[in-house]
$ cat structure-v1.cif   # mmCIF, C-alpha atoms and all ligand atoms
data_model
loop_
_atom_site.label_atom_id
_atom_site.label_comp_id
_atom_site.auth_asym_id
_atom_site.auth_seq_id
_atom_site.Cartn_x
_atom_site.Cartn_y
_atom_site.Cartn_z
CA MET O 1 -14.85 8.76 24.65
CA ARG O 2 -16.52 5.68 26.06
CA PHE O 3 -19.17 6.22 23.41
CA LEU O 4 -16.69 5.37 20.70
CA ARG O 5 -15.62 2.08 22.21
CA SER O 6 -18.35 0.08 20.53
CA VAL O 7 -18.25 -0.73 16.83
CA GLU O 8 -21.91 0.21 16.59
CA ASN O 9 -21.29 3.77 17.73
CA GLN O 10 -18.20 4.07 15.57
CA THR O 11 -20.31 3.01 12.59
CA LEU O 12 -22.98 5.57 13.41
CA LEU O 13 -20.37 8.31 13.64
CA ALA O 14 -18.81 7.10 10.39
CA LEU O 15 -22.19 7.43 8.70
CA GLY O 16 -22.62 11.04 9.81
CA LEU O 17 -19.08 11.95 8.81
CA ALA O 18 -19.56 10.22 5.46
CA VAL O 19 -22.51 12.45 4.54
CA LEU O 20 -20.48 15.57 5.43
CA THR O 21 -17.43 14.32 3.55
CA GLY O 22 -19.51 13.45 0.47
CA LEU O 23 -21.07 16.90 0.47
CA TYR O 24 -18.07 19.08 1.30
CA TRP O 25 -15.08 17.05 0.19
CA PRO O 26 -16.31 14.99 -2.77
CA ALA O 27 -12.85 14.61 -4.33
CA PHE O 28 -11.66 12.69 -1.28
CA ALA O 29 -14.90 10.72 -1.03
CA LEU O 30 -14.51 9.53 -4.61
CA LYS O 31 -10.93 8.42 -3.97
CA ILE O 32 -11.72 6.08 -1.08
CA GLY O 33 -14.23 3.97 -2.99
CA LEU O 34 -11.86 1.01 -2.83
CA VAL O 35 -12.26 0.73 0.94
CA GLY O 36 -16.02 0.36 0.53
CA ASP O 37 -15.60 -2.17 -2.27
CA VAL O 38 -13.24 -4.26 -0.14
CA PHE O 39 -15.73 -4.25 2.74
CA LEU O 40 -18.61 -5.26 0.46
CA ARG O 41 -16.55 -7.99 -1.12
CA LEU O 42 -15.63 -9.44 2.26
CA LEU O 43 -19.31 -9.62 3.15
CA LYS O 44 -20.20 -11.17 -0.19
CA MET O 45 -17.36 -13.63 0.18
CA ILE O 46 -19.14 -15.42 3.00
CA ILE O 47 -22.78 -15.17 1.92
CA ALA O 48 -23.02 -18.37 -0.13
CA PRO O 49 -21.29 -20.79 2.28
CA LEU O 50 -22.98 -19.08 5.21
CA ILE O 51 -26.48 -19.53 3.81
CA LEU O 52 -25.81 -23.15 3.00
CA ALA O 53 -24.37 -23.87 6.44
CA SER O 54 -26.86 -21.86 8.48
CA VAL O 55 -30.03 -23.06 6.74
CA TYR O 56 -28.79 -26.62 6.68
CA THR O 57 -27.78 -26.72 10.36
CA SER O 58 -30.97 -24.98 11.35
CA VAL O 59 -33.18 -27.47 9.48
CA SER O 60 -31.27 -30.61 10.41
CA GLY O 61 -30.74 -29.32 13.97
CA LEU O 62 -34.49 -29.09 14.50
CA GLY O 63 -34.46 -32.86 14.74
CA SER O 64 -37.65 -33.82 12.93
CA ILE O 65 -39.56 -32.94 9.79
CA ALA O 66 -42.58 -32.04 11.93
CA ARG O 67 -40.57 -29.37 13.78
CA VAL O 68 -39.24 -27.92 10.51
CA LYS O 69 -42.80 -27.75 9.25
CA ASN O 70 -43.87 -26.02 12.42
CA LEU O 71 -41.10 -23.41 12.16
CA GLY O 72 -41.69 -23.02 8.42
CA VAL O 73 -45.41 -22.39 8.85
CA LYS O 74 -44.85 -19.79 11.59
CA THR O 75 -42.20 -18.08 9.52
CA LEU O 76 -44.42 -17.91 6.46
CA ILE O 77 -47.35 -16.57 8.46
CA TYR O 78 -45.13 -13.83 9.90
CA TYR O 79 -43.67 -12.93 6.50
CA LEU O 80 -47.03 -12.74 4.76
CA ALA O 81 -48.78 -10.89 7.57
CA THR O 82 -46.11 -8.22 7.94
CA THR O 83 -45.58 -7.75 4.21
CA SER O 84 -49.32 -7.30 3.73
CA LEU O 85 -49.50 -4.77 6.56
CA ALA O 86 -46.62 -2.87 4.95
CA VAL O 87 -48.33 -2.68 1.56
CA ILE O 88 -51.61 -1.63 3.14
CA ALA O 89 -49.85 1.16 5.05
CA GLY O 90 -48.21 2.30 1.81
CA LEU O 91 -51.49 2.28 -0.09
CA ILE O 92 -53.33 4.22 2.60
CA LEU O 93 -50.62 6.86 2.76
CA VAL O 94 -50.32 7.24 -0.99
CA ASN O 95 -54.08 7.73 -1.25
CA LEU O 96 -53.95 10.40 1.45
CA ILE O 97 -50.88 12.29 0.24
CA ARG O 98 -51.36 11.68 -3.49
CA PRO O 99 -47.76 12.39 -4.54
CA GLY O 100 -47.31 13.25 -8.21
CA ALA O 101 -50.93 14.21 -8.75
CA LYS O 102 -50.00 17.78 -9.65
CA ALA O 103 -46.58 17.73 -11.26
CA VAL O 104 -45.67 16.02 -14.50
CA PHE O 105 -42.01 15.46 -15.22
CA LEU O 106 -40.54 13.07 -17.66
CA ARG O 107 -37.13 11.52 -17.63
CA GLU O 108 -35.33 9.13 -19.88
CA ALA O 109 -36.87 5.68 -19.79
CA PRO O 110 -34.69 2.77 -18.68
CA SER O 111 -34.88 -0.44 -20.67
CA LEU O 112 -36.01 -3.19 -18.35
CA LYS O 113 -37.06 -6.75 -18.91
CA THR O 114 -40.41 -7.58 -17.36
CA PHE O 115 -40.33 -9.74 -14.25
CA THR O 116 -42.97 -12.49 -14.31
CA LEU O 117 -44.44 -15.04 -11.93
CA SER O 118 -42.72 -17.90 -13.72
CA ASP O 119 -39.38 -16.10 -13.28
CA LEU O 120 -40.16 -16.05 -9.58
CA VAL O 121 -40.98 -19.76 -9.38
CA LEU O 122 -38.04 -20.91 -11.47
CA SER O 123 -35.64 -18.65 -9.61
CA LEU O 124 -36.16 -20.84 -6.55
CA ILE O 125 -34.80 -24.10 -7.91
CA PRO O 126 -31.11 -24.51 -8.68
CA GLN O 127 -30.14 -25.93 -12.03
CA ASN O 128 -27.05 -27.17 -10.26
CA PRO O 129 -26.47 -26.53 -6.55
CA VAL O 130 -22.70 -26.25 -6.95
CA LYS O 131 -23.17 -23.56 -9.57
CA SER O 132 -25.66 -21.76 -7.33
CA VAL O 133 -23.15 -21.68 -4.48
CA ALA O 134 -20.39 -20.63 -6.86
CA GLU O 135 -22.48 -17.78 -8.19
CA GLY O 136 -24.03 -16.81 -4.87
CA GLU O 137 -27.65 -17.34 -5.97
CA VAL O 138 -29.36 -16.97 -2.63
CA LEU O 139 -32.80 -18.52 -3.15
CA PRO O 140 -31.60 -21.65 -4.96
CA ILE O 141 -29.01 -22.21 -2.20
CA ILE O 142 -31.75 -21.94 0.43
CA PHE O 143 -33.95 -24.31 -1.55
CA PHE O 144 -31.17 -26.87 -1.77
CA ALA O 145 -30.13 -26.48 1.88
CA LEU O 146 -33.73 -26.94 2.97
CA ALA O 147 -34.28 -30.02 0.83
CA PHE O 148 -30.93 -31.49 1.83
CA GLY O 149 -31.61 -30.77 5.50
CA LEU O 150 -35.01 -32.44 5.31
CA ALA O 151 -33.51 -35.44 3.55
CA THR O 152 -30.86 -35.71 6.27
CA LEU O 153 -33.58 -35.93 8.90
CA SER O 154 -34.73 -39.16 7.31
CA LEU O 155 -31.32 -40.85 7.79
CA PRO O 156 -30.31 -42.98 10.79
CA LYS O 157 -29.09 -40.84 13.73
CA GLY O 158 -25.37 -41.67 13.30
CA ARG O 159 -25.33 -40.57 9.69
CA GLN O 160 -27.26 -37.41 10.55
CA ARG O 161 -24.62 -36.52 13.17
CA LEU O 162 -21.83 -36.88 10.65
CA LEU O 163 -23.28 -34.32 8.28
CA PHE O 164 -24.58 -32.03 11.01
CA ASP O 165 -21.23 -31.77 12.82
CA PHE O 166 -19.45 -30.86 9.61
CA PHE O 167 -21.87 -28.10 8.66
CA GLU O 168 -22.07 -26.81 12.21
CA ALA O 169 -18.29 -26.48 12.36
CA LEU O 170 -18.37 -24.71 8.98
CA ASN O 171 -21.02 -22.33 10.32
CA ASP O 172 -19.04 -21.58 13.48
CA ALA O 173 -15.88 -20.83 11.51
CA LEU O 174 -17.81 -18.46 9.26
CA ILE O 175 -19.20 -16.64 12.30
CA VAL O 176 -15.64 -16.07 13.49
CA LEU O 177 -14.82 -14.61 10.09
CA ILE O 178 -17.84 -12.32 10.35
CA ARG O 179 -16.66 -11.05 13.72
CA TRP O 180 -13.39 -10.03 12.11
CA ILE O 181 -15.18 -8.31 9.25
CA ILE O 182 -17.38 -6.40 11.69
CA TYR O 183 -14.31 -4.50 12.90
CA LEU O 184 -14.12 -3.00 9.44
CA THR O 185 -17.72 -1.78 9.31
CA PRO O 186 -17.01 1.83 10.35
CA ALA O 187 -14.42 2.23 7.60
CA GLY O 188 -16.54 0.36 5.05
CA VAL O 189 -19.71 2.28 5.83
CA PHE O 190 -17.82 5.58 5.72
CA ALA O 191 -16.34 4.88 2.29
CA ILE O 192 -19.56 3.57 0.73
CA VAL O 193 -21.78 6.40 1.93
CA ALA O 194 -19.29 9.21 1.31
CA LYS O 195 -18.82 8.09 -2.29
CA LEU O 196 -22.55 7.78 -2.82
CA VAL O 197 -23.28 11.25 -1.51
CA ALA O 198 -20.42 12.69 -3.59
CA GLU O 199 -21.75 11.03 -6.74
CA LYS O 200 -25.46 11.67 -6.36
CA GLY O 201 -25.79 14.68 -4.08
CA LEU O 202 -29.02 15.37 -2.26
CA SER O 203 -30.87 17.55 -4.78
CA PRO O 204 -32.99 14.84 -6.50
CA LEU O 205 -34.55 14.19 -3.11
CA LEU O 206 -36.01 17.68 -3.08
CA GLU O 207 -37.24 17.46 -6.64
CA LEU O 208 -39.37 14.41 -5.87
CA SER O 209 -40.07 15.45 -2.32
CA SER O 210 -43.73 14.44 -2.02
CA TYR O 211 -43.01 10.95 -3.33
CA VAL O 212 -39.90 10.59 -1.17
CA LEU O 213 -41.85 11.80 1.84
CA THR O 214 -44.66 9.31 1.29
CA VAL O 215 -42.21 6.39 1.10
CA VAL O 216 -40.17 7.61 4.09
CA LEU O 217 -43.25 8.18 6.20
CA GLY O 218 -44.68 4.80 5.28
CA LEU O 219 -41.41 3.04 6.08
CA PHE O 220 -41.15 4.86 9.37
CA LEU O 221 -44.71 4.03 10.40
CA HIS O 222 -44.26 0.41 9.49
CA ALA O 223 -40.90 0.04 11.25
CA ALA O 224 -41.53 2.12 14.37
CA GLY O 225 -45.27 1.44 14.56
CA THR O 226 -46.47 -1.90 13.23
CA LEU O 227 -43.28 -3.96 13.58
CA ALA O 228 -42.32 -2.44 16.93
CA LEU O 229 -45.79 -3.14 18.25
CA LEU O 230 -45.69 -6.73 17.05
CA LEU O 231 -42.32 -7.16 18.76
CA PHE O 232 -43.70 -5.80 21.98
CA LEU O 233 -46.95 -7.74 21.88
CA PHE O 234 -45.66 -11.10 20.73
CA ALA O 235 -42.10 -11.22 22.04
CA ARG O 236 -42.57 -8.97 25.08
CA GLU O 237 -39.41 -7.08 24.16
CA LYS O 238 -39.01 -3.32 24.29
CA PRO O 239 -38.52 -2.16 20.70
CA TRP O 240 -35.92 0.48 21.57
CA GLN O 241 -33.79 -2.02 23.47
CA PHE O 242 -34.02 -4.49 20.63
CA PHE O 243 -33.09 -1.74 18.20
CA LEU O 244 -29.96 -0.97 20.20
CA LYS O 245 -28.96 -4.62 20.18
CA VAL O 246 -29.29 -5.06 16.43
CA ARG O 247 -28.37 -1.57 15.21
CA GLU O 248 -25.10 -2.64 13.61
CA ALA O 249 -27.04 -4.78 11.12
CA LEU O 250 -29.41 -1.88 10.38
CA LEU O 251 -26.53 0.51 9.75
CA VAL O 252 -24.91 -1.96 7.37
CA ALA O 253 -28.25 -2.51 5.63
CA PHE O 254 -28.64 1.23 5.21
CA SER O 255 -25.14 1.69 3.83
CA THR O 256 -25.04 -1.29 1.49
CA ALA O 257 -28.71 -1.31 0.38
CA SER O 258 -28.40 -5.08 0.31
CA SER O 259 -30.17 -7.51 2.63
CA ALA O 260 -27.96 -10.32 1.35
CA ALA O 261 -24.72 -8.45 2.07
CA THR O 262 -26.10 -7.62 5.52
CA LEU O 263 -27.01 -11.23 6.28
CA PRO O 264 -23.68 -12.18 7.88
CA ILE O 265 -23.99 -9.24 10.28
CA SER O 266 -27.70 -9.91 10.95
CA LEU O 267 -26.93 -13.51 11.88
CA GLU O 268 -24.14 -12.46 14.16
CA VAL O 269 -26.08 -9.79 16.04
CA ALA O 270 -29.19 -11.98 16.25
CA GLU O 271 -27.29 -14.79 17.91
CA GLU O 272 -24.69 -12.88 19.91
CA LYS O 273 -26.48 -9.67 20.89
CA ALA O 274 -30.19 -10.45 20.75
CA GLY O 275 -29.85 -14.01 22.07
CA ILE O 276 -31.96 -15.57 19.32
CA PRO O 277 -31.24 -19.33 19.11
CA LYS O 278 -29.17 -20.40 16.14
CA LYS O 279 -31.85 -22.85 14.99
CA VAL O 280 -34.36 -20.05 14.53
CA ALA O 281 -32.03 -17.27 13.33
CA GLY O 282 -30.30 -19.62 10.88
CA PHE O 283 -33.62 -20.37 9.23
CA VAL O 284 -35.64 -17.16 9.51
CA LEU O 285 -32.90 -14.68 8.60
CA PRO O 286 -31.45 -16.19 5.39
CA LEU O 287 -34.93 -16.88 4.08
CA GLY O 288 -36.12 -13.44 5.17
CA ALA O 289 -33.19 -11.74 3.45
CA THR O 290 -34.70 -12.57 0.08
CA VAL O 291 -38.32 -13.42 0.76
CA ASN O 292 -39.45 -11.07 3.52
CA MET O 293 -39.08 -7.49 2.35
CA ASP O 294 -41.63 -5.26 4.01
CA GLY O 295 -39.85 -2.08 3.01
CA THR O 296 -39.62 -3.13 -0.62
CA ALA O 297 -43.29 -4.15 -0.74
CA LEU O 298 -44.40 -0.82 0.69
CA TYR O 299 -42.15 1.08 -1.67
CA GLU O 300 -43.37 -0.84 -4.73
CA ALA O 301 -46.99 -0.05 -3.94
CA VAL O 302 -46.29 3.65 -3.34
CA ALA O 303 -44.09 3.93 -6.42
CA ALA O 304 -46.70 2.30 -8.67
CA MET O 305 -49.40 4.62 -7.38
CA PHE O 306 -47.08 7.59 -7.79
CA ILE O 307 -46.42 6.66 -11.40
CA ALA O 308 -50.17 6.32 -11.96
CA ASN O 309 -50.71 9.78 -10.47
CA VAL O 310 -48.03 11.34 -12.64
CA CYS O 311 -49.53 9.73 -15.73
CA GLY O 312 -52.94 10.99 -14.71
CA VAL O 313 -54.36 7.46 -14.37
CA GLU O 314 -57.03 6.95 -11.71
CA LEU O 315 -56.75 3.47 -10.24
CA SER O 316 -59.92 1.74 -9.08
CA LEU O 317 -60.16 -0.20 -5.84
CA GLY O 318 -59.87 -3.43 -7.84
CA GLN O 319 -56.67 -2.21 -9.44
CA GLN O 320 -55.32 -1.19 -6.07
CA ILE O 321 -56.01 -4.68 -4.81
CA LEU O 322 -54.02 -5.95 -7.78
CA ILE O 323 -51.21 -3.61 -6.75
CA PHE O 324 -51.43 -5.04 -3.26
CA LEU O 325 -51.04 -8.60 -4.55
CA THR O 326 -48.35 -7.91 -7.10
CA ALA O 327 -46.32 -5.64 -4.81
CA THR O 328 -46.29 -8.48 -2.28
CA LEU O 329 -45.14 -10.97 -4.91
CA ALA O 330 -42.63 -8.52 -6.35
CA SER O 331 -41.06 -8.01 -2.93
CA ILE O 332 -40.80 -11.77 -2.48
CA GLY O 333 -39.18 -12.05 -5.89
CA ALA O 334 -36.71 -9.22 -5.34
CA ALA O 335 -33.19 -10.40 -4.60
CA GLY O 336 -31.46 -8.92 -1.57
CA ILE O 337 -29.26 -6.66 -3.65
CA PRO O 338 -29.35 -2.94 -4.46
CA SER O 339 -32.16 -1.85 -6.81
CA ALA O 340 -33.68 -5.32 -7.00
CA GLY O 341 -37.07 -3.85 -6.10
CA LEU O 342 -36.87 -1.52 -9.06
CA VAL O 343 -36.59 -4.47 -11.43
CA THR O 344 -39.40 -6.55 -9.94
CA MET O 345 -41.63 -3.48 -9.99
CA THR O 346 -42.04 -4.05 -13.72
CA MET O 347 -44.41 -6.86 -12.67
CA VAL O 348 -46.59 -4.48 -10.67
CA LEU O 349 -46.73 -1.87 -13.43
CA GLN O 350 -47.40 -4.44 -16.12
CA THR O 351 -50.29 -6.02 -14.21
CA VAL O 352 -52.20 -2.78 -13.81
CA GLY O 353 -51.25 -1.52 -17.26
CA LEU O 354 -48.96 1.33 -16.25
CA PRO O 355 -46.07 2.29 -18.55
CA LEU O 356 -42.72 0.74 -17.63
CA GLU O 357 -41.12 4.04 -18.55
CA GLY O 358 -42.61 5.35 -15.32
CA ILE O 359 -39.66 3.77 -13.56
CA GLY O 360 -37.50 6.44 -15.17
CA LEU O 361 -39.29 8.99 -13.00
CA ILE O 362 -38.11 7.54 -9.74
CA LEU O 363 -34.61 6.41 -10.66
CA ALA O 364 -32.91 9.51 -9.36
CA VAL O 365 -33.98 8.90 -5.78
CA ASP O 366 -33.99 5.15 -5.86
CA ARG O 367 -30.69 4.56 -4.14
CA PHE O 368 -31.61 6.65 -1.14
CA LEU O 369 -35.00 4.97 -0.79
CA ASP O 370 -33.31 1.61 -1.32
CA MET O 371 -31.07 2.27 1.68
CA LEU O 372 -34.09 2.99 3.83
CA ARG O 373 -36.26 0.15 2.60
CA THR O 374 -33.40 -2.32 2.99
CA SER O 375 -33.02 -1.25 6.65
CA VAL O 376 -36.74 -1.87 7.14
CA ASN O 377 -36.43 -5.23 5.37
CA VAL O 378 -33.67 -6.31 7.75
CA TRP O 379 -35.49 -4.88 10.78
CA GLY O 380 -38.54 -6.96 9.78
CA ASP O 381 -36.43 -10.11 9.49
CA LEU O 382 -34.79 -9.59 12.87
CA ILE O 383 -38.09 -8.90 14.61
CA GLY O 384 -39.53 -11.98 12.92
CA ALA O 385 -36.67 -14.12 14.22
CA ARG O 386 -37.18 -12.72 17.72
CA ILE O 387 -40.93 -13.32 17.73
CA ILE O 388 -40.71 -16.78 16.18
CA ALA O 389 -37.98 -17.74 18.67
CA ARG O 390 -40.43 -17.09 21.48
CA TYR O 391 -42.94 -19.53 20.07
CA THR O 392 -40.58 -22.31 19.06
N1 LIG N 1 -32.15 -3.60 -1.81
C1 LIG N 1 -33.26 -4.28 -1.21
C2 LIG N 1 -32.75 -5.35 -0.27
O1 LIG N 1 -31.68 -5.85 -0.45
C3 LIG N 1 -34.19 -4.85 -2.22
C4 LIG N 1 -34.84 -3.74 -2.97
O2 LIG N 1 -35.88 -3.24 -2.53
O3 LIG N 1 -34.30 -3.27 -3.98
O4 LIG N 1 -33.41 -5.69 0.68
#
$ encode --input "structure-v1.cif" --output "structure tokens"
Amino acid sequence: MRFLRSVENQTLLALGLAVLTGLYWPAFALKIGLVGDVFLRLLKMIIAPLILASVYTSVSGLGSIARVKNLGVKTLIYYLATTSLAVIAGLILVNLIRPGAKAVFLREAPSLKTFTLSDLVLSLIPQNPVKSVAEGEVLPIIFFALAFGLATLSLPKGRQRLLFDFFEALNDALIVLIRWIIYLTPAGVFAIVAKLVAEKGLSPLLELSSYVLTVVLGLFLHAAGTLALLLFLFAREKPWQFFLKVREALLVAFSTASSAATLPISLEVAEEKAGIPKKVAGFVLPLGATVNMDGTALYEAVAAMFIANVCGVELSLGQQILIFLTATLASIGAAGIPSAGLVTMTMVLQTVGLPLEGIGLILAVDRFLDMLRTSVNVWGDLIGARIIARYT
């Protein structure tokens, strides 16, 4: 039973048992929803102060504006490069497999507001930083923490120390809290997944199998191929070993379908298990949790092409390039919460003139794909932190 001594293995076992419980004992699975909700709430409880403290200490701890710029530029290059590679992989696969080209099925259309570029830009800047923290708005908190951190670097050293020590202590206390919450992950993951399987079942997956397969294959190739290779080439780390170190975060990402809710665990495993310095992890991971979503970008491109196929619309190369650009932007704009990618996909569909109702086609399988794409999103963030740490 040594296997079960680690929380990671307990969580993995919990996940397997949850699927069985959801399938064969749904009544019980539906009753334990509260356990999952408590776990999620505990994670959400620390997100806002954690982002503020970790981004702030990371930026002000770098010691000079030039170093922040250096880290920022490397981070952005990594995000953009990997997101683009993800979308390209998705587009190639969807052109090869052509899911939806034969079958036509229509479902009820959801009513969704279109997501636009100005929504994306304005969503970055807080109207009021206190309100943003109170309401857990991730991007505005990051924006404020970054600006405040940069401003601090312009103060005399003594004043800088005062602020830095306070936020660093806050950060450390939050990490202790996270360690406590981690003990609950097996129970939380079990309850969340069992309830989900009991509610949704697995049959929609079969109905849309060619689409599901394209997304799953794309995600797998990106995670186990492209990202793993980048990790090996640039950080000289064996992907499997790194996977074992950070797997708790990936399991939580899979179960919660939320990069933001997973952030506390990602930060903990990055620093404690993968040995990534706080200065890098505290910057790359919170930002990545909302900005760097390789899985979401890939999924948006595949989903848009699938909808085009179902509607019998042939998309030209130019239109596919537009999908490439908008899927990248839509993944940046998606919040790290469940189904966020579904909402920002309206931007992709709108740009190439596909009907928004198309989203109704893929709703039934969205949660499952969301779990997978969120794991890839978090995997991409962690690999980014590891690679960037090597060059900082
Ligand atoms: N749920 C995803 C995440 O949190 C975003 C999405 O694709 O819906 O990373």
$ residues_near_point --input "structure-v1.cif" --point "(-36.6, -14.6, -0.8)" --cutoff "6 Å" --atoms "only C-alpha atoms" --output "list in words"
Leu139, Leu287, Thr290, Val291 and Ile332 of chain O
$ residues_around --input "structure-v1.cif" --residues "Leu12 in chain O" --least-positions-apart "5" --cutoff "10 Å" --atoms "all atoms listed in the file" --output "JSON list (two decimals) with C-alpha atoms, in the coordinates of the input"
[["chain", "number", "residue", "atom", "x", "y", "z"],
["O", 4, "LEU", "CA", -16.69, 5.37, 20.70],
["O", 7, "VAL", "CA", -18.25, -0.73, 16.83],
["O", 17, "LEU", "CA", -19.08, 11.95, 8.81],
["O", 18, "ALA", "CA", -19.56, 10.22, 5.46],
["O", 185, "THR", "CA", -17.72, -1.78, 9.31],
["O", 186, "PRO", "CA", -17.01, 1.83, 10.35],
["O", 189, "VAL", "CA", -19.71, 2.28, 5.83],
["O", 190, "PHE", "CA", -17.82, 5.58, 5.72],
["O", 247, "ARG", "CA", -28.37, -1.57, 15.21],
["O", 248, "GLU", "CA", -25.10, -2.64, 13.61],
["O", 251, "LEU", "CA", -26.53, 0.51, 9.75],
["O", 252, "VAL", "CA", -24.91, -1.96, 7.37]]
$ atom_distance --input "structure-v1.cif" --atom1 "CA of Ile92 in chain O" --atom2 "CA of Leu208 in chain O"
19.2 Å
$ atom_distance --input "structure-v1.cif" --atom1 "CA of Ser331 in chain O" --atom2 "CA of Ala151 in chain O"
29.2 Å
$ residues_around --input "structure-v1.cif" --residues "Pro26 in chain O" --least-positions-apart "2" --cutoff "9 Å" --atoms "only C-alpha atoms" --output "tab-separated table (two decimals) with C-alpha atoms, keeping the file's coordinate frame"
chain	number	residue	atom	x	y	z
O	21	THR	CA	-17.43	14.32	3.55
O	22	GLY	CA	-19.51	13.45	0.47
O	23	LEU	CA	-21.07	16.90	0.47
O	24	TYR	CA	-18.07	19.08	1.30
O	28	PHE	CA	-11.66	12.69	-1.28
O	29	ALA	CA	-14.90	10.72	-1.03
O	30	LEU	CA	-14.51	9.53	-4.61
O	31	LYS	CA	-10.93	8.42	-3.97
O	194	ALA	CA	-19.29	9.21	1.31
O	195	LYS	CA	-18.82	8.09	-2.29
O	197	VAL	CA	-23.28	11.25	-1.51
O	198	ALA	CA	-20.42	12.69	-3.59
O	199	GLU	CA	-21.75	11.03	-6.74
$ closest_residue --input "structure-v1.cif" --among "O:Leu43, O:Ala147, O:Leu369, O:Leu196" --to "ligand LIG 1 (chain N)" --atoms "only C-alpha atoms and all ligand atoms"
O:Leu369
$ residues_around --input "structure-v1.cif" --residues "range 341-357 of chain O" --least-positions-apart "3" --cutoff "6 Å" --atoms "only C-alpha atoms" --output "list in words"
Ala109, Thr114, Phe115, Thr326, Ala327, Ala330, Ala334 and Gly360 of chain O
$ closest_residue --input "structure-v1.cif" --among "O:Lys245, O:His222, O:Arg367, O:Lys44" --to "ligand LIG 1 (chain N)" --atoms "all atoms listed in the file"
O:Arg367
$ closest_residue --input "structure-v1.cif" --among "O:Leu34, O:Ala301, O:Leu177, O:Leu93" --to "ligand LIG 1 (chain N)" --atoms "only C-alpha atoms and all ligand atoms"
O:Ala301
$ atom_distance --input "structure-v1.cif" --atom1 "CA of Arg98 in chain O" --atom2 "CA of Ser316 in chain O"
14.3 Å
$ residues_around --input "structure-v1.cif" --residues "Leu205 in chain O" --least-positions-apart "5" --cutoff "10 Å" --atoms "all atoms listed in the file" --output "list in words"
Lys200, Ser210, Tyr211, Val212, Leu213, Ala364, Val365, Asp366, Phe368 and Leu369 of chain O
$ residues_around --input "structure-v1.cif" --residues "Ile182 in chain O" --least-positions-apart "5" --cutoff "12 Å" --atoms "all atoms listed in the file" --output "list in words"
Ser6, Val7, Glu8, Gln10, Thr11, Phe39, Leu40, Leu42, Leu43, Ile175, Val176, Leu177, Ala187, Gly188, Val189, Glu248, Ala249, Leu251, Val252, Thr262, Pro264, Ile265, Ser266, Leu267, Glu268 and Val269 of chain O
$ residues_near_ligand --input "structure-v1.cif" --ligand "ligand LIG 1 (chain N)" --cutoff "9 Å" --atoms "only C-alpha atoms and all ligand atoms" --output "number ranges by chain"
O: 253, 256-262, 289-290, 292-297, 299-300, 331, 334-344, 366-367, 369-378
$ closest_residue --input "structure-v1.cif" --among "O:Leu50, O:Val215, O:Leu315, O:Leu80" --to "Ala169 in chain O" --atoms "all atoms listed in the file"
O:Leu50
$ closest_residue --input "structure-v1.cif" --among "O:Val193, O:Lys279, O:Thr214, O:Leu382" --to "Phe254 in chain O" --atoms "only C-alpha atoms"
O:Val193
$ closest_residue --input "structure-v1.cif" --among "O:Leu117, O:Ala86, O:Leu174, O:Met45" --to "Ala224 in chain O" --atoms "only C-alpha atoms"
O:Ala86
$ residues_near_point --input "structure-v1.cif" --point "(-31.2, -19.7, -8.0)" --cutoff "8 Å" --atoms "all atoms listed in the file" --output "number ranges by chain"
O: 122-127, 132, 137-141
